[in-house]
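Undergrad: input-v4.txt is reproduced in full below (compact mmCIF, C-alpha atoms and all ligand atoms).
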```
# COMPACT_ATOMS: atom_id res chain seq x y z
CA MET A 311 0.00 0.00 0.00
CA ILE A 312 1.29 3.44 -0.80
CA TYR A 313 1.01 6.16 1.78
CA PHE A 314 2.82 9.38 1.33
CA CYS A 315 2.78 12.28 3.69
CA HIS A 316 5.09 15.08 2.69
CA LYS A 317 5.74 18.17 4.75
CA PHE A 318 7.07 21.25 3.07
CA ARG A 319 9.40 22.32 5.83
CA ILE A 320 12.22 19.90 5.36
CA SER A 321 15.41 20.46 7.26
CA ASN A 322 18.64 18.63 6.64
CA ALA A 323 18.63 17.42 10.25
CA PHE A 324 21.44 14.89 9.77
CA GLY A 325 23.80 17.44 8.29
CA TYR A 326 24.33 15.49 5.06
CA ASN A 327 26.45 17.14 2.43
CA HIS A 328 23.95 18.50 -0.12
CA THR A 329 25.95 17.25 -3.12
CA THR A 330 26.09 13.73 -1.69
CA MET A 331 22.33 13.81 -1.11
CA MET A 332 21.70 15.03 -4.66
CA LYS A 333 23.77 12.22 -6.15
CA ALA A 334 22.07 9.56 -4.03
CA ASN A 335 18.71 11.06 -4.95
CA GLU A 336 19.41 10.93 -8.64
CA LYS A 337 19.60 7.14 -8.46
CA ILE A 338 15.97 6.93 -7.30
CA PRO A 339 13.78 6.01 -10.29
CA VAL A 340 11.29 8.60 -11.49
CA ILE A 341 8.44 8.43 -14.00
CA THR A 342 7.33 11.86 -15.21
CA ILE A 343 3.85 12.26 -16.65
CA ASP A 344 3.12 15.62 -18.22
CA GLY A 345 0.22 16.88 -20.25
CA PRO A 346 -2.69 19.30 -20.32
CA SER A 347 -5.64 19.27 -17.95
CA GLY A 348 -7.96 16.30 -18.46
CA SER A 349 -5.47 14.16 -20.38
CA GLY A 350 -5.79 11.45 -17.72
CA LYS A 351 -2.51 12.11 -15.88
CA GLY A 352 -4.01 12.37 -12.40
CA THR A 353 -5.76 9.01 -12.24
CA LEU A 354 -2.94 7.31 -14.12
CA CYS A 355 -0.33 8.59 -11.65
CA GLN A 356 -2.37 7.51 -8.64
CA ILE A 357 -2.83 3.99 -10.05
CA LEU A 358 0.82 3.68 -11.10
CA ALA A 359 2.11 4.86 -7.72
CA ARG A 360 -0.11 2.34 -6.00
CA LYS A 361 0.83 -0.56 -8.31
CA LEU A 362 4.56 0.18 -8.09
CA ASN A 363 4.37 1.09 -4.41
CA TRP A 364 6.19 4.34 -5.22
CA HIS A 365 5.65 7.87 -3.94
CA LEU A 366 3.46 10.33 -5.79
CA LEU A 367 3.96 13.99 -6.62
CA ASP A 368 0.90 15.88 -7.86
CA SER A 369 2.70 19.12 -8.75
CA GLY A 370 -0.52 20.78 -9.93
CA ALA A 371 -1.88 20.39 -6.39
CA ILE A 372 1.08 22.41 -5.10
CA TYR A 373 0.31 25.29 -7.48
CA ARG A 374 -3.37 24.94 -6.60
CA VAL A 375 -2.67 25.14 -2.84
CA LEU A 376 -0.45 28.17 -3.31
CA ALA A 377 -3.13 29.90 -5.39
CA PHE A 378 -5.76 29.04 -2.80
CA ALA A 379 -3.62 30.28 0.10
CA ALA A 380 -2.93 33.55 -1.77
CA PHE A 381 -6.61 34.00 -2.57
CA GLN A 382 -7.57 33.40 1.07
CA ALA A 383 -5.00 35.97 2.18
CA ASN A 384 -6.25 38.51 -0.39
CA ILE A 385 -2.89 38.58 -2.12
CA PRO A 386 -2.95 39.61 -5.80
CA LEU A 387 -1.99 36.65 -8.01
CA MET A 388 0.80 38.54 -9.74
CA GLN A 389 2.52 39.71 -6.51
CA ASP A 390 5.55 37.43 -6.90
CA ASP A 391 7.44 38.37 -3.71
CA LEU A 392 4.44 37.66 -1.47
CA LEU A 393 3.63 34.45 -3.32
CA VAL A 394 7.20 33.26 -2.82
CA GLN A 395 6.86 34.03 0.90
CA ILE A 396 3.63 32.02 1.16
CA ALA A 397 5.24 29.16 -0.77
CA GLY A 398 8.04 29.07 1.80
CA ASP A 399 5.71 29.23 4.80
CA MET A 400 2.93 26.85 3.84
CA LYS A 401 2.90 23.39 5.38
CA LEU A 402 1.50 20.91 2.91
CA GLN A 403 0.59 17.26 3.33
CA PHE A 404 -0.52 14.86 0.60
CA LYS A 405 -2.37 11.67 1.52
CA PRO A 406 -3.33 9.42 -1.41
CA GLN A 407 -6.72 7.77 -0.80
CA SER A 408 -7.85 4.28 -1.81
CA ASP A 409 -10.35 5.74 -4.33
CA ASN A 410 -7.49 7.34 -6.35
CA THR A 411 -8.12 10.82 -4.97
CA LEU A 412 -5.61 12.86 -3.04
CA LYS A 413 -6.31 14.32 0.39
CA VAL A 414 -4.50 17.67 0.59
CA LEU A 415 -3.88 19.44 3.90
CA LEU A 416 -2.71 23.05 4.05
CA ASN A 417 -1.44 23.94 7.53
CA ASN A 418 -3.37 20.88 8.84
CA GLN A 419 -6.63 22.04 7.22
CA ASP A 420 -8.25 19.78 4.60
CA VAL A 421 -8.45 21.84 1.39
CA SER A 422 -8.85 18.89 -1.02
CA LYS A 423 -12.18 20.10 -2.39
CA GLU A 424 -11.51 23.84 -2.41
CA ILE A 425 -8.34 23.58 -4.49
CA ARG A 426 -10.04 21.52 -7.23
CA THR A 427 -12.62 24.10 -8.34
CA GLU A 428 -12.25 25.52 -11.86
CA ALA A 429 -11.83 29.02 -10.43
CA ASN A 430 -8.89 27.85 -8.36
CA GLY A 431 -7.46 25.94 -11.34
CA GLN A 432 -7.40 29.22 -13.26
CA ARG A 433 -5.75 30.95 -10.31
CA ALA A 434 -3.13 28.20 -10.14
CA SER A 435 -2.49 28.64 -13.85
CA VAL A 436 -1.92 32.39 -13.32
CA VAL A 437 0.31 31.93 -10.25
CA SER A 438 2.38 29.35 -12.12
CA THR A 439 3.36 31.79 -14.89
CA SER A 440 5.82 33.45 -12.48
CA ALA A 441 9.43 32.32 -12.88
CA GLN A 442 10.11 33.35 -9.24
CA VAL A 443 7.25 31.22 -7.95
CA ARG A 444 8.37 28.25 -10.03
CA GLU A 445 11.92 28.62 -8.72
CA ALA A 446 10.63 28.76 -5.13
CA LEU A 447 8.77 25.49 -5.65
CA LEU A 448 11.47 23.64 -7.57
CA GLN A 449 13.44 22.08 -4.72
CA LYS A 450 10.25 21.30 -2.80
CA GLN A 451 9.12 19.20 -5.75
CA ARG A 452 12.52 17.51 -6.07
CA ASP A 453 12.39 16.60 -2.37
CA PHE A 454 9.57 14.18 -3.21
CA ARG A 455 12.16 11.95 -4.91
CA GLN A 456 12.47 9.28 -2.24
CA PHE A 457 13.03 5.51 -2.23
CA PRO A 458 11.78 3.28 -3.70
CA GLY A 459 10.65 5.58 -6.54
CA LEU A 460 8.47 8.48 -7.61
CA VAL A 461 5.62 9.00 -10.07
CA THR A 462 5.09 12.66 -10.93
CA ASP A 463 2.15 14.49 -12.49
CA GLY A 464 2.47 17.97 -14.01
CA ARG A 465 3.37 20.22 -16.90
CA ASP A 466 7.16 20.47 -16.65
CA MET A 467 8.13 17.31 -14.77
CA GLY A 468 10.17 15.85 -17.63
CA THR A 469 11.51 19.14 -18.99
CA THR A 470 12.53 21.05 -15.85
CA VAL A 471 11.90 19.37 -12.51
CA PHE A 472 13.23 15.86 -13.26
CA PRO A 473 15.17 16.18 -16.53
CA ASN A 474 17.07 12.93 -15.81
CA ALA A 475 13.92 10.80 -15.13
CA GLY A 476 14.18 7.21 -16.36
CA LEU A 477 10.80 7.27 -18.06
CA LYS A 478 9.04 10.35 -19.42
CA LEU A 479 5.52 10.33 -20.79
CA PHE A 480 3.40 13.03 -22.34
CA LEU A 481 -0.35 12.43 -22.31
CA SER A 482 -2.71 14.25 -24.64
CA ALA A 483 -6.37 13.98 -25.71
CA SER A 484 -8.76 16.09 -27.76
CA ALA A 485 -10.01 19.21 -25.98
CA GLU A 486 -13.61 17.94 -26.18
CA GLU A 487 -12.73 14.62 -24.56
CA ARG A 488 -10.68 16.34 -21.87
CA ALA A 489 -13.52 18.75 -21.11
CA LYS A 490 -15.95 15.83 -20.83
CA ARG A 491 -13.67 14.00 -18.41
CA ARG A 492 -13.08 17.13 -16.33
CA TYR A 493 -16.82 17.83 -16.24
CA GLU A 494 -17.58 14.29 -15.04
CA GLN A 495 -14.83 14.52 -12.44
CA LEU A 496 -16.26 17.78 -11.07
CA ILE A 497 -19.79 16.38 -10.93
CA ASN A 498 -18.54 13.22 -9.17
CA GLN A 499 -16.82 15.43 -6.61
CA GLY A 500 -20.10 17.22 -5.98
CA ILE A 501 -18.85 20.42 -7.65
CA ASN A 502 -21.35 22.27 -9.86
CA ALA A 503 -20.24 22.46 -13.52
CA ASN A 504 -21.34 23.29 -17.06
CA LEU A 505 -19.72 21.37 -19.96
CA ALA A 506 -19.42 24.30 -22.41
CA GLN A 507 -17.93 26.48 -19.70
CA VAL A 508 -15.52 23.72 -18.66
CA LEU A 509 -14.34 23.49 -22.31
CA ASP A 510 -13.85 27.28 -22.56
CA GLU A 511 -11.92 27.41 -19.30
CA LEU A 512 -9.79 24.45 -20.27
CA LEU A 513 -8.80 26.15 -23.54
CA VAL A 514 -7.88 29.34 -21.68
CA ARG A 515 -5.75 27.34 -19.23
CA ASP A 516 -4.10 25.33 -22.06
CA GLN A 517 -3.18 28.55 -23.82
CA ARG A 518 -1.74 30.15 -20.66
CA ASP A 519 0.18 27.00 -19.60
CA THR A 520 1.64 26.54 -23.09
CA ALA A 521 2.44 30.17 -23.90
CA ARG A 522 4.17 31.24 -20.67
CA SER A 523 7.92 31.74 -20.89
CA ALA A 524 8.74 30.08 -17.55
CA SER A 525 8.82 26.31 -17.97
CA PRO A 526 5.83 26.03 -20.32
CA LEU A 527 3.82 22.90 -21.00
CA GLN A 528 5.74 21.13 -23.77
CA VAL A 529 6.77 17.61 -24.74
CA ALA A 530 10.25 16.73 -23.45
CA ALA A 531 12.55 15.69 -26.30
CA ASP A 532 12.92 12.18 -24.83
CA ALA A 533 9.26 11.71 -23.79
CA ILE A 534 6.92 9.06 -25.16
CA SER A 535 3.61 10.62 -26.25
CA ILE A 536 0.31 8.82 -25.68
CA ASP A 537 -2.97 10.10 -27.11
CA THR A 538 -5.60 8.92 -24.62
CA THR A 539 -8.68 10.24 -26.50
CA LYS A 540 -9.95 6.78 -27.40
CA LEU A 541 -8.31 4.82 -24.61
CA SER A 542 -9.81 3.71 -21.30
CA ILE A 543 -7.80 4.35 -18.14
CA GLU A 544 -7.19 0.59 -17.89
CA GLN A 545 -5.64 0.57 -21.38
CA VAL A 546 -3.38 3.51 -20.54
CA VAL A 547 -2.30 1.88 -17.26
CA GLU A 548 -1.48 -1.39 -19.05
CA GLN A 549 0.59 0.43 -21.69
CA VAL A 550 2.50 2.50 -19.14
CA MET A 551 3.10 -0.44 -16.76
CA GLY A 552 4.63 -2.28 -19.72
CA LEU A 553 6.93 0.66 -20.42
CA ALA A 554 7.85 0.98 -16.72
CA LYS A 555 8.70 -2.74 -16.43
CA ALA A 556 10.82 -2.58 -19.57
CA ARG A 557 12.65 0.53 -18.34
CA PHE A 558 13.19 -0.28 -14.67
CA THR A 559 13.61 -4.06 -14.41
O1 LIG B 601 -2.64 19.71 -13.10
P1 LIG B 601 -3.55 20.79 -12.52
O2 LIG B 601 -4.73 21.05 -13.41
O3 LIG B 601 -3.97 20.48 -11.13
O4 LIG B 601 -2.65 22.14 -12.49
C1 LIG B 601 -3.19 23.40 -12.15
C2 LIG B 601 -2.34 24.49 -12.78
O5 LIG B 601 -1.05 24.49 -12.18
C3 LIG B 601 -2.09 24.33 -14.28
O6 LIG B 601 -3.08 24.98 -15.04
C4 LIG B 601 -0.74 24.96 -14.47
C5 LIG B 601 -0.05 24.80 -13.13
N1 LIG B 601 0.96 23.76 -13.14
C6 LIG B 601 2.21 24.11 -13.62
O7 LIG B 601 2.40 25.23 -14.08
N2 LIG B 601 3.22 23.23 -13.59
C7 LIG B 601 3.04 21.99 -13.11
N3 LIG B 601 4.04 21.14 -13.07
C8 LIG B 601 1.76 21.59 -12.65
C9 LIG B 601 0.73 22.51 -12.69
```
Can you turn what I pasted into structure tokens?
TA:
Amino acid sequence: MIYFCHKFRISNAFGYNHTTMMKANEKIPVITIDGPSGSGKGTLCQILARKLNWHLLDSGAIYRVLAFAAFQANIPLMQDDLLVQIAGDMKLQFKPQSDNTLKVLLNNQDVSKEIRTEANGQRASVVSTSAQVREALLQKQRDFRQFPGLVTDGRDMGTTVFPNAGLKLFLSASAEERAKRRYEQLINQGINANLAQVLDELLVRDQRDTARSASPLQVAADAISIDTTKLSIEQVVEQVMGLAKARFT
């Protein structure tokens, strides 16, 4: 069973030499899964992490929590210095659940539902355009690389955060299919949604995530692309487990 509880404030309590830690860390296997919203990354990563018994990094959740914390504190989303301060101060815990959802605690408060709204997704997309914010979150994401391995979900996992990952995947799907999946996910979570609006918002977010200059959403040169439009989640899992076995055993 995989259980991962990660706290943001990590101190090097044993006084390890940072370079030594980095080198040891780089031997830990990583699978990066990047792609736009609704491409199926989230569920795939949860299932893979569970099957492999590896840790899980949902990097989008980190941007979502930061956006939510800033919104709650009435901080403008483009105020980089304050966002960086919040990023440093926030205590975040991730707890994967047996139903493939992720329980997210911000300063011990359960914000799992609040961070998943479309409005907060847009906020996260805005906050994540800042190079300063991305830099402030970089090491925190890399700290998730722990034995026996890590499955990561995001936009720049294979290009920027884990450029030496052993297996890089890029998931895509048509915008209509992604909107449908996102809509169904919101409804299942008890969040009110409208399909046409979900599609519009998804296109806005795609555009912003792809066009930004800081670590934009793009396919890593050595990534394997999978179009999931016509595939079930089970088919995608089977394909990726095959790739993971071939790469890591
Ligand atoms: O994966 P998600 O929908 O939860 O991500 C929310 C936003 O966070 C997304 O629109 C862009 C940003 N994000 C990012 O810039 N880089 C990542 N690695 C993950 C998410």
Undergrad: For each of A:Ala429, A:Leu553, A:Ile396, A:Met388, take the minimum atom-to-atom distance to ligand LIG 601 (chain B), counting only C-alpha atoms and all ligand atoms, then give the residue where this is smallest.
TA: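 Closest residue, counting only C-alpha atoms and all ligand atoms: A:Ala429.
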Undergrad: Which residues are near range 338-343 of chain A? Cut-off 8 Å, all atoms listed in the file, ignore same chain within fewer than 2 positions. Put them as a ChimeraX atom specification.
TA: /A:334-336,345,351,355,455-465,467-468,472,475-481,554,558
Undergrad: Once you have the residues from the selection above, write them out as a PDB file, in the frame of the given file, restricted to C-alpha atoms.
TA:
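See out-v1.pdb below for the written result:
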```pdb
ATOM      1  CA  ALA A 334      22.070   9.560  -4.030  1.00  0.00           C
ATOM      2  CA  ASN A 335      18.710  11.060  -4.950  1.00  0.00           C
ATOM      3  CA  GLU A 336      19.410  10.930  -8.640  1.00  0.00           C
ATOM      4  CA  GLY A 345       0.220  16.880 -20.250  1.00  0.00           C
ATOM      5  CA  LYS A 351      -2.510  12.110 -15.880  1.00  0.00           C
ATOM      6  CA  CYS A 355      -0.330   8.590 -11.650  1.00  0.00           C
ATOM      7  CA  ARG A 455      12.160  11.950  -4.910  1.00  0.00           C
ATOM      8  CA  GLN A 456      12.470   9.280  -2.240  1.00  0.00           C
ATOM      9  CA  PHE A 457      13.030   5.510  -2.230  1.00  0.00           C
ATOM     10  CA  PRO A 458      11.780   3.280  -3.700  1.00  0.00           C
ATOM     11  CA  GLY A 459      10.650   5.580  -6.540  1.00  0.00           C
ATOM     12  CA  LEU A 460       8.470   8.480  -7.610  1.00  0.00           C
ATOM     13  CA  VAL A 461       5.620   9.000 -10.070  1.00  0.00           C
ATOM     14  CA  THR A 462       5.090  12.660 -10.930  1.00  0.00           C
ATOM     15  CA  ASP A 463       2.150  14.490 -12.490  1.00  0.00           C
ATOM     16  CA  GLY A 464       2.470  17.970 -14.010  1.00  0.00           C
ATOM     17  CA  ARG A 465       3.370  20.220 -16.900  1.00  0.00           C
ATOM     18  CA  MET A 467       8.130  17.310 -14.770  1.00  0.00           C
ATOM     19  CA  GLY A 468      10.170  15.850 -17.630  1.00  0.00           C
ATOM     20  CA  PHE A 472      13.230  15.860 -13.260  1.00  0.00           C
ATOM     21  CA  ALA A 475      13.920  10.800 -15.130  1.00  0.00           C
ATOM     22  CA  GLY A 476      14.180   7.210 -16.360  1.00  0.00           C
ATOM     23  CA  LEU A 477      10.800   7.270 -18.060  1.00  0.00           C
ATOM     24  CA  LYS A 478       9.040  10.350 -19.420  1.00  0.00           C
ATOM     25  CA  LEU A 479       5.520  10.330 -20.790  1.00  0.00           C
ATOM     26  CA  PHE A 480       3.400  13.030 -22.340  1.00  0.00           C
ATOM     27  CA  LEU A 481      -0.350  12.430 -22.310  1.00  0.00           C
ATOM     28  CA  ALA A 554       7.850   0.980 -16.720  1.00  0.00           C
ATOM     29  CA  PHE A 558      13.190  -0.280 -14.670  1.00  0.00           C
TER      30      PHE A 558
END
```
Undergrad: Ligand LIG 601 (chain B): which residues are within 8 Å, counting only C-alpha atoms and all ligand atoms? Reply as a VMD selection string.
TA: chain A and resid 344 346 to 348 352 368 to 374 426 431 to 439 444 463 to 467 515 to 516 518 to 519 525 to 527
Undergrad: Just give me the gap between CA of Leu387 in chain A and CA of Leu513 in chain A in Å, one decimal is fine.
TA: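 Going from CA of Leu387 in chain A over to CA of Leu513 in chain A covers 19.9 Å.
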Undergrad: Taking all atoms listed in the file into account, which of A:Asn418, A:Ser482, A:Gln499, A:Gln451 comes nearest Leu541 in chain A?
TA: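 Looking at the shortest contact to Leu541 in chain A, the residue is A:Ser482.
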Undergrad: For Gln507 in chain A, work out the shell of residues within 12 Å, counting only C-alpha atoms and skipping chain neighbours fewer than 2 positions away, then give it as a ChimeraX atom specification.
TA: /A:428-429,486,489-490,492-493,502-505,509-514
Undergrad: With all atoms listed in the file as the atoms that count, which of A:Phe404, A:Thr411, A:Gln495, A:Ser440 lies nearest to Gln356 in chain A?
TA: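 Once distances to Gln356 in chain A are computed over all atoms listed in the file, the minimum belongs to A:Thr411.
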Undergrad: Have a look at CA of Val529 in chain A and CA of Ala377 in chain A and let me know their distance in Å, one decimal.
TA: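 These atoms are spaced 25.0 Å apart.
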Undergrad: Counting all atoms listed in the file, which residues sit no farther than 8 Å from the position (0.6, 4.9, -6.2) in the file's frame? I'd like them as number ranges by chain.
TA: A: 311-312, 355-366, 406, 461
Undergrad: Please save C-alpha atoms of the selected residues as an mmCIF file, in the coordinates of the input.
TA:
```
data_model
loop_
_atom_site.group_PDB
_atom_site.id
_atom_site.type_symbol
_atom_site.label_atom_id
_atom_site.label_comp_id
_atom_site.auth_asym_id
_atom_site.auth_seq_id
_atom_site.Cartn_x
_atom_site.Cartn_y
_atom_site.Cartn_z
ATOM 1 C CA MET A 311 0.000 0.000 0.000
ATOM 2 C CA ILE A 312 1.290 3.440 -0.800
ATOM 3 C CA CYS A 355 -0.330 8.590 -11.650
ATOM 4 C CA GLN A 356 -2.370 7.510 -8.640
ATOM 5 C CA ILE A 357 -2.830 3.990 -10.050
ATOM 6 C CA LEU A 358 0.820 3.680 -11.100
ATOM 7 C CA ALA A 359 2.110 4.860 -7.720
ATOM 8 C CA ARG A 360 -0.110 2.340 -6.000
ATOM 9 C CA LYS A 361 0.830 -0.560 -8.310
ATOM 10 C CA LEU A 362 4.560 0.180 -8.090
ATOM 11 C CA ASN A 363 4.370 1.090 -4.410
ATOM 12 C CA TRP A 364 6.190 4.340 -5.220
ATOM 13 C CA HIS A 365 5.650 7.870 -3.940
ATOM 14 C CA LEU A 366 3.460 10.330 -5.790
ATOM 15 C CA PRO A 406 -3.330 9.420 -1.410
ATOM 16 C CA VAL A 461 5.620 9.000 -10.070
#
```
Undergrad: Can you save range 469-483 of chain A of the given block to a file, including N, CA and C atoms and formatted as a JSON list (two decimals), in the first residue's frame?
TA:
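The new file out_10.json reads:
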```
[["chain", "number", "residue", "atom", "x", "y", "z"],
["A", 469, "THR", "N", 10.66, 18.11, -18.38],
["A", 469, "THR", "CA", 11.51, 19.14, -18.99],
["A", 469, "THR", "C", 12.37, 19.87, -17.97],
["A", 470, "THR", "N", 11.82, 20.19, -16.80],
["A", 470, "THR", "CA", 12.53, 21.05, -15.85],
["A", 470, "THR", "C", 12.78, 20.41, -14.49],
["A", 471, "VAL", "N", 11.77, 19.81, -13.91],
["A", 471, "VAL", "CA", 11.90, 19.37, -12.51],
["A", 471, "VAL", "C", 12.74, 18.08, -12.39],
["A", 472, "PHE", "N", 12.47, 17.11, -13.28],
["A", 472, "PHE", "CA", 13.23, 15.86, -13.26],
["A", 472, "PHE", "C", 13.77, 15.55, -14.66],
["A", 473, "PRO", "N", 14.70, 16.37, -15.15],
["A", 473, "PRO", "CA", 15.17, 16.18, -16.53],
["A", 473, "PRO", "C", 15.89, 14.85, -16.74],
["A", 474, "ASN", "N", 16.37, 14.21, -15.63],
["A", 474, "ASN", "CA", 17.07, 12.93, -15.81],
["A", 474, "ASN", "C", 16.18, 11.73, -15.44],
["A", 475, "ALA", "N", 14.85, 11.91, -15.46],
["A", 475, "ALA", "CA", 13.92, 10.80, -15.13],
["A", 475, "ALA", "C", 14.14, 9.63, -16.09],
["A", 476, "GLY", "N", 13.95, 8.42, -15.55],
["A", 476, "GLY", "CA", 14.18, 7.21, -16.36],
["A", 476, "GLY", "C", 13.09, 6.96, -17.38],
["A", 477, "LEU", "N", 11.90, 7.44, -17.11],
["A", 477, "LEU", "CA", 10.80, 7.27, -18.06],
["A", 477, "LEU", "C", 9.95, 8.54, -18.08],
["A", 478, "LYS", "N", 9.82, 9.11, -19.28],
["A", 478, "LYS", "CA", 9.04, 10.35, -19.42],
["A", 478, "LYS", "C", 7.88, 10.10, -20.38],
["A", 479, "LEU", "N", 6.70, 10.50, -19.94],
["A", 479, "LEU", "CA", 5.52, 10.33, -20.79],
["A", 479, "LEU", "C", 4.84, 11.67, -20.97],
["A", 480, "PHE", "N", 4.21, 11.83, -22.11],
["A", 480, "PHE", "CA", 3.40, 13.03, -22.34],
["A", 480, "PHE", "C", 2.03, 12.56, -22.80],
["A", 481, "LEU", "N", 1.01, 12.85, -21.98],
["A", 481, "LEU", "CA", -0.35, 12.43, -22.31],
["A", 481, "LEU", "C", -1.12, 13.58, -22.96],
["A", 482, "SER", "N", -1.86, 13.24, -24.01],
["A", 482, "SER", "CA", -2.71, 14.25, -24.64],
["A", 482, "SER", "C", -4.08, 13.62, -24.91],
["A", 483, "ALA", "N", -5.04, 14.44, -25.29],
["A", 483, "ALA", "CA", -6.37, 13.98, -25.71],
["A", 483, "ALA", "C", -7.05, 15.19, -26.33]]
```
